[in-house]
file upload-v1.txt (compact mmCIF, C-alpha atoms)
# COMPACT_ATOMS: atom_id res chain seq x y z
CA MET A 1 20.65 -15.35 -30.89
CA PRO A 2 21.57 -18.71 -32.46
CA GLY A 3 21.51 -17.18 -35.97
CA LEU A 4 24.45 -14.87 -35.17
CA GLN A 5 27.41 -16.88 -36.45
CA ASP A 6 30.27 -14.40 -35.95
CA PRO A 7 32.84 -16.57 -34.10
CA SER A 8 33.46 -13.78 -31.58
CA PHE A 9 29.81 -13.72 -30.56
CA VAL A 10 28.40 -17.26 -30.87
CA ARG A 11 26.58 -17.97 -27.55
CA SER A 12 28.08 -14.81 -26.05
CA VAL A 13 26.74 -12.84 -23.14
CA VAL A 14 27.81 -9.22 -23.47
CA TYR A 15 27.59 -6.84 -20.53
CA LEU A 16 26.82 -3.51 -22.19
CA CYS A 17 28.85 -0.82 -20.44
CA GLU A 18 27.93 2.14 -22.62
CA HIS A 19 25.23 2.79 -25.20
CA SER A 20 24.71 6.25 -26.63
CA GLU A 21 24.02 7.95 -29.94
CA ARG A 22 27.75 7.53 -30.71
CA GLY A 23 27.64 3.74 -30.43
CA ALA A 24 28.00 0.99 -27.84
CA LEU A 25 30.73 -0.75 -25.87
CA GLY A 26 30.49 -4.02 -23.97
CA LEU A 27 32.48 -6.89 -22.50
CA ILE A 28 31.84 -10.57 -23.20
CA ILE A 29 31.46 -12.23 -19.77
CA ASN A 30 31.30 -15.90 -20.70
CA LYS A 31 34.31 -16.61 -22.94
CA PRO A 32 37.40 -17.32 -20.83
CA SER A 33 40.82 -17.28 -22.43
CA ASP A 34 43.69 -19.62 -21.55
CA ILE A 35 45.27 -16.90 -19.39
CA LYS A 36 44.76 -16.90 -15.62
CA LEU A 37 44.83 -13.71 -13.55
CA LYS A 38 48.04 -14.72 -11.78
CA GLY A 39 49.75 -15.09 -15.15
CA LEU A 40 48.40 -11.76 -16.40
CA PHE A 41 49.72 -10.01 -13.31
CA GLU A 42 53.14 -11.57 -13.85
CA LYS A 43 53.15 -10.29 -17.46
CA VAL A 44 52.63 -6.73 -16.20
CA ASP A 45 55.28 -7.11 -13.46
CA LEU A 46 52.86 -7.30 -10.53
CA GLN A 47 52.32 -10.01 -7.94
CA LEU A 48 48.64 -10.78 -7.35
CA ALA A 49 48.07 -10.71 -3.58
CA ARG A 50 44.62 -12.25 -3.89
CA PRO A 51 44.90 -16.07 -3.73
CA ASP A 52 41.13 -16.26 -4.34
CA LEU A 53 41.78 -14.86 -7.83
CA ASP A 54 44.99 -16.69 -8.82
CA ASP A 55 43.19 -19.21 -11.01
CA ALA A 56 40.40 -16.91 -12.21
CA PRO A 57 40.38 -16.72 -16.00
CA VAL A 58 41.00 -13.60 -18.04
CA PHE A 59 38.09 -13.30 -20.46
CA GLN A 60 37.98 -12.55 -24.17
CA GLY A 61 36.05 -9.29 -23.87
CA GLY A 62 35.60 -8.93 -27.59
CA PRO A 63 37.45 -8.62 -30.87
CA VAL A 64 38.52 -4.97 -30.48
CA GLN A 65 41.94 -4.05 -29.00
CA ILE A 66 42.61 -7.54 -27.64
CA GLU A 67 45.89 -6.38 -26.09
CA ARG A 68 44.07 -3.87 -23.84
CA GLY A 69 42.75 -4.83 -20.40
CA PHE A 70 39.39 -4.02 -18.85
CA VAL A 71 38.36 -4.69 -15.27
CA LEU A 72 34.63 -4.99 -14.65
CA HIS A 73 34.02 -4.74 -10.92
CA GLU A 74 31.74 -3.83 -8.09
CA PRO A 75 31.90 -0.14 -7.13
CA VAL A 76 34.75 0.95 -4.90
CA VAL A 77 33.81 4.11 -3.05
CA GLY A 78 36.50 6.73 -2.66
CA THR A 79 36.76 9.52 -0.16
CA VAL A 80 37.43 13.22 -0.48
CA GLN A 81 38.70 14.77 2.75
CA GLY A 82 37.08 12.03 4.81
CA ALA A 83 33.65 12.17 3.13
CA PRO A 84 32.44 9.76 0.46
CA ALA A 85 33.17 11.20 -2.99
CA ARG A 86 30.15 11.62 -5.26
CA ALA A 87 29.91 12.23 -8.98
CA PRO A 88 26.83 13.05 -11.06
CA THR A 89 26.05 10.89 -14.10
CA ALA A 90 24.81 12.25 -17.43
CA GLU A 91 21.29 11.50 -16.20
CA GLY A 92 21.86 13.67 -13.11
CA GLU A 93 22.04 10.65 -10.78
CA ASP A 94 24.47 11.13 -7.90
CA LEU A 95 26.79 8.10 -7.72
CA PRO A 96 29.95 7.37 -5.73
CA ALA A 97 33.01 8.73 -7.54
CA ALA A 98 35.51 6.20 -8.82
CA VAL A 99 38.78 5.85 -6.96
CA TYR A 100 40.81 4.76 -10.00
CA ALA A 101 42.25 7.02 -12.71
CA SER A 102 40.15 5.69 -15.59
CA THR A 103 36.83 4.28 -14.43
CA MET A 104 33.42 4.35 -16.06
CA THR A 105 30.44 4.11 -13.73
CA ILE A 106 27.86 1.91 -15.42
CA PRO A 107 24.15 2.37 -14.75
CA GLY A 108 23.05 -0.78 -13.00
CA GLY A 109 25.68 -0.68 -10.31
CA LEU A 110 29.06 -1.77 -11.69
CA GLU A 111 32.22 0.00 -12.79
CA MET A 112 34.71 -0.65 -15.59
CA THR A 113 38.31 0.41 -15.05
CA THR A 114 41.02 0.51 -17.70
CA SER A 115 43.86 2.07 -15.71
CA ARG A 116 46.71 0.09 -14.14
CA ASP A 117 45.96 1.43 -10.64
CA VAL A 118 43.13 -1.08 -10.13
CA LEU A 119 45.61 -3.90 -10.78
CA GLU A 120 48.13 -2.27 -8.43
CA ALA A 121 45.46 -2.17 -5.71
CA MET A 122 44.70 -5.86 -6.28
CA ALA A 123 48.45 -6.57 -6.11
CA THR A 124 48.41 -5.28 -2.52
CA GLY A 125 45.37 -7.38 -1.58
CA ALA A 126 43.04 -4.38 -1.80
CA GLY A 127 40.85 -3.26 -4.67
CA PRO A 128 37.40 -4.48 -5.60
CA ARG A 129 36.39 -7.87 -4.19
CA LYS A 130 34.31 -8.96 -7.19
CA VAL A 131 36.14 -8.58 -10.51
CA LEU A 132 36.05 -9.87 -14.06
CA VAL A 133 39.09 -9.04 -16.20
CA THR A 134 38.99 -9.06 -19.99
CA LEU A 135 41.41 -8.50 -22.80
CA GLY A 136 39.64 -6.66 -25.61
CA TYR A 137 36.12 -5.35 -25.84
CA SER A 138 33.10 -5.41 -28.10
CA ALA A 139 32.03 -2.24 -29.91
CA TRP A 140 29.35 -1.06 -32.28
CA GLU A 141 29.39 2.14 -34.32
CA GLU A 142 26.56 4.67 -34.29
CA GLY A 143 23.31 2.85 -35.14
CA GLN A 144 25.00 -0.54 -35.64
CA LEU A 145 23.71 -2.20 -32.47
CA GLU A 146 20.22 -0.84 -33.07
CA SER A 147 20.33 -2.35 -36.57
CA GLU A 148 21.47 -5.72 -35.21
CA LEU A 149 18.69 -5.63 -32.60
CA ALA A 150 16.12 -4.89 -35.33
CA GLU A 151 17.47 -7.91 -37.27
CA ASN A 152 16.90 -10.09 -34.17
CA SER A 153 20.61 -10.83 -33.85
CA TRP A 154 20.58 -10.13 -30.11
CA LEU A 155 18.28 -10.60 -27.16
CA THR A 156 18.40 -8.00 -24.42
CA VAL A 157 17.90 -8.48 -20.72
CA GLY A 158 18.40 -6.24 -17.72
CA ALA A 159 21.88 -6.50 -16.28
CA ASP A 160 22.25 -8.73 -13.23
CA PRO A 161 25.64 -8.74 -11.47
CA ALA A 162 24.82 -12.24 -10.15
CA VAL A 163 25.18 -13.58 -13.71
CA ILE A 164 28.70 -12.15 -13.84
CA PHE A 165 30.01 -12.85 -10.37
CA ASP A 166 27.91 -15.68 -8.92
CA THR A 167 27.12 -17.91 -11.91
CA PRO A 168 29.62 -20.50 -13.20
CA ILE A 169 31.03 -19.44 -16.57
CA GLU A 170 29.52 -22.34 -18.51
CA GLN A 171 26.04 -21.46 -17.16
CA ARG A 172 26.04 -17.70 -17.86
CA TYR A 173 24.44 -17.91 -21.32
CA ASP A 174 21.59 -20.08 -20.03
CA LYS A 175 21.23 -17.96 -16.88
CA ALA A 176 20.92 -14.76 -18.94
CA LEU A 177 18.27 -16.43 -21.12
CA SER A 178 16.40 -17.60 -18.01
CA LEU A 179 16.03 -13.95 -16.94
CA LEU A 180 13.75 -13.66 -19.99
CA GLY A 181 11.99 -16.93 -19.19
CA LEU A 182 13.72 -18.63 -22.14
CA GLU A 183 15.80 -21.75 -22.68
CA ALA A 184 18.41 -22.07 -25.44
CA TRP A 185 16.72 -25.06 -27.09
CA LYS A 186 13.59 -22.94 -27.65
CA LEU A 187 15.41 -20.39 -29.80
CA SER A 188 15.30 -20.68 -33.57
CA PRO A 189 18.40 -19.84 -35.59
CA GLU A 190 16.11 -18.12 -38.11
CA ALA A 191 15.03 -14.55 -37.41
CA GLY A 192 11.48 -13.55 -38.12
CA HIS A 193 9.75 -10.21 -38.49
CA ALA A 194 6.06 -9.68 -37.90

call {"tool": "encode", "arguments": {"input": "upload-v1.txt", "output": "structure tokens"}}
result
Amino acid sequence: MPGLQDPSFVRSVVYLCEHSERGALGLIINKPSDIKLKGLFEKVDLQLARPDLDDAPVFQGGPVQIERGFVLHEPVVGTVQGAPARAPTAEGEDLPAAVYASTMTIPGGLEMTTSRDVLEAMATGAGPRKVLVTLGYSAWEEGQLESELAENSWLTVGADPAVIFDTPIEQRYDKALSLLGLEAWKLSPEAGHA
């Protein structure tokens, strides 16, 4: 919301990856850094074999652990002895198992990987086709996000991978608002409670 003036979150769109009684974790998807993927790969001694991603920005995922990388991507289905691998979620839903060492399957159809093996796959030209890489993440302690929602600091909208992968960066905030039928100019910086 416009009233939230924390520099890390002004006009931010956060893709919430996990929300439980312990807290919440998300990645900001509309704040690119000055680093390009090709440069990031060079810093970790890998050559990016994906010319389509050379100039893609690395995003500022949030103010927490800004030296740590996160790869938000479409699911990559693995195989176990020739059959698709499956893994149950906490809700009992049967989803494809991740093929990387440290991957979180996110309800709504995406995955977030924090292990180097996803970068190594991309360095060979393989790996997920649609990716968004961040340094850092956004986090809320137990009850903190719920409190901020009650204070009208955030708007929530169902996740739409098209906002992440198919919408130009500078349009993602407005696109996310449009999913609620809103436009930025219609939002008041003052929060109200009825």

call {"tool": "atom_distance", "arguments": {"input": "upload-v1.txt", "atom1": "atom CA of A:Thr114", "atom2": "atom CA of A:Thr167"}}
result
23.8 Å

call {"tool": "residues_around", "arguments": {"input": "upload-v1.txt", "residues": "stretch 5-8 of chain A", "least_positions_apart": "3", "cutoff": "10 Å", "atoms": "only C-alpha atoms", "output": "PDB file with C-alpha atoms, keeping the file's coordinate frame"}}
result
ATOM      1  CA  MET A   1      20.650 -15.350 -30.890  1.00  0.00           C
ATOM      2  CA  PRO A   2      21.570 -18.710 -32.460  1.00  0.00           C
ATOM      3  CA  ARG A  11      26.580 -17.970 -27.550  1.00  0.00           C
ATOM      4  CA  SER A  12      28.080 -14.810 -26.050  1.00  0.00           C
ATOM      5  CA  ILE A  28      31.840 -10.570 -23.200  1.00  0.00           C
ATOM      6  CA  LYS A  31      34.310 -16.610 -22.940  1.00  0.00           C
ATOM      7  CA  GLN A  60      37.980 -12.550 -24.170  1.00  0.00           C
ATOM      8  CA  GLY A  61      36.050  -9.290 -23.870  1.00  0.00           C
ATOM      9  CA  GLY A  62      35.600  -8.930 -27.590  1.00  0.00           C
ATOM     10  CA  PRO A  63      37.450  -8.620 -30.870  1.00  0.00           C
ATOM     11  CA  SER A 138      33.100  -5.410 -28.100  1.00  0.00           C
ATOM     12  CA  SER A 153      20.610 -10.830 -33.850  1.00  0.00           C
ATOM     13  CA  PRO A 189      18.400 -19.840 -35.590  1.00  0.00           C
TER      14      PRO A 189
END

call {"tool": "residues_around", "arguments": {"input": "upload-v1.txt", "residues": "A:Leu155", "least_positions_apart": "6", "cutoff": "10 Å", "atoms": "only C-alpha atoms", "output": "number ranges by chain"}}
result
A: 1, 13, 148-149, 176-177, 180

call {"tool": "write_last_selection", "arguments": {"input": "upload-v1.txt", "atoms": "C-alpha atoms", "output": "JSON list (two decimals), in the coordinates of the input"}}
result
[["chain", "number", "residue", "atom", "x", "y", "z"],
["A", 1, "MET", "CA", 20.65, -15.35, -30.89],
["A", 13, "VAL", "CA", 26.74, -12.84, -23.14],
["A", 148, "GLU", "CA", 21.47, -5.72, -35.21],
["A", 149, "LEU", "CA", 18.69, -5.63, -32.60],
["A", 176, "ALA", "CA", 20.92, -14.76, -18.94],
["A", 177, "LEU", "CA", 18.27, -16.43, -21.12],
["A", 180, "LEU", "CA", 13.75, -13.66, -19.99]]

call {"tool": "residues_around", "arguments": {"input": "upload-v1.txt", "residues": "stretch 34-48 of chain A", "least_positions_apart": "6", "cutoff": "8 Å", "atoms": "only C-alpha atoms", "output": "number ranges by chain"}}
result
A: 54-58, 119-120, 122-125, 133

call {"tool": "write_last_selection", "arguments": {"input": "upload-v1.txt", "atoms": "C-alpha atoms", "output": "PDB file, keeping the file's coordinate frame"}}
result
ATOM      1  CA  ASP A  54      44.990 -16.690  -8.820  1.00  0.00           C
ATOM      2  CA  ASP A  55      43.190 -19.210 -11.010  1.00  0.00           C
ATOM      3  CA  ALA A  56      40.400 -16.910 -12.210  1.00  0.00           C
ATOM      4  CA  PRO A  57      40.380 -16.720 -16.000  1.00  0.00           C
ATOM      5  CA  VAL A  58      41.000 -13.600 -18.040  1.00  0.00           C
ATOM      6  CA  LEU A 119      45.610  -3.900 -10.780  1.00  0.00           C
ATOM      7  CA  GLU A 120      48.130  -2.270  -8.430  1.00  0.00           C
ATOM      8  CA  MET A 122      44.700  -5.860  -6.280  1.00  0.00           C
ATOM      9  CA  ALA A 123      48.450  -6.570  -6.110  1.00  0.00           C
ATOM     10  CA  THR A 124      48.410  -5.280  -2.520  1.00  0.00           C
ATOM     11  CA  GLY A 125      45.370  -7.380  -1.580  1.00  0.00           C
ATOM     12  CA  VAL A 133      39.090  -9.040 -16.200  1.00  0.00           C
TER      13      VAL A 133
END

call {"tool": "residues_near_point", "arguments": {"input": "upload-v1.txt", "point": "(31.8, -2.4, -13.1)", "cutoff": "10 Å", "atoms": "only C-alpha atoms", "output": "ChimeraX atom specification"}}
result
/A:15,17,70-76,103-113,128,130-132,161

call {"tool": "atom_distance", "arguments": {"input": "upload-v1.txt", "atom1": "atom CA of A:Leu16", "atom2": "atom CA of A:Leu145"}}
result
10.8 Å

call {"tool": "closest_residue", "arguments": {"input": "upload-v1.txt", "among": "A:Val10, A:Ile169, A:Ala101, A:Leu53", "to": "A:Asp117", "atoms": "only C-alpha atoms"}}
result
A:Ala101

call {"tool": "atom_distance", "arguments": {"input": "upload-v1.txt", "atom1": "atom CA of A:Arg50", "atom2": "atom CA of A:Tyr173"}}
result
27.3 Å

call {"tool": "residues_around", "arguments": {"input": "upload-v1.txt", "residues": "A:Arg22", "least_positions_apart": "4", "cutoff": "12 Å", "atoms": "only C-alpha atoms", "output": "JSON, numbers by chain"}}
result
{"A": [18, 139, 140, 141, 142, 143, 144, 145, 146]}

call {"tool": "closest_residue", "arguments": {"input": "upload-v1.txt", "among": "A:Glu170, A:Glu151, A:Asp52, A:Asp160", "to": "A:Arg129", "atoms": "all atoms listed in the file"}}
result
A:Asp52

call {"tool": "closest_residue", "arguments": {"input": "upload-v1.txt", "among": "A:Pro168, A:Gly181, A:Gly127, A:Gly158", "to": "A:Val14", "atoms": "all atoms listed in the file"}}
result
A:Gly158

call {"tool": "closest_residue", "arguments": {"input": "upload-v1.txt", "among": "A:Pro51, A:Asn152, A:Ile29, A:His19", "to": "A:Asp166", "atoms": "all atoms listed in the file"}}
result
A:Ile29
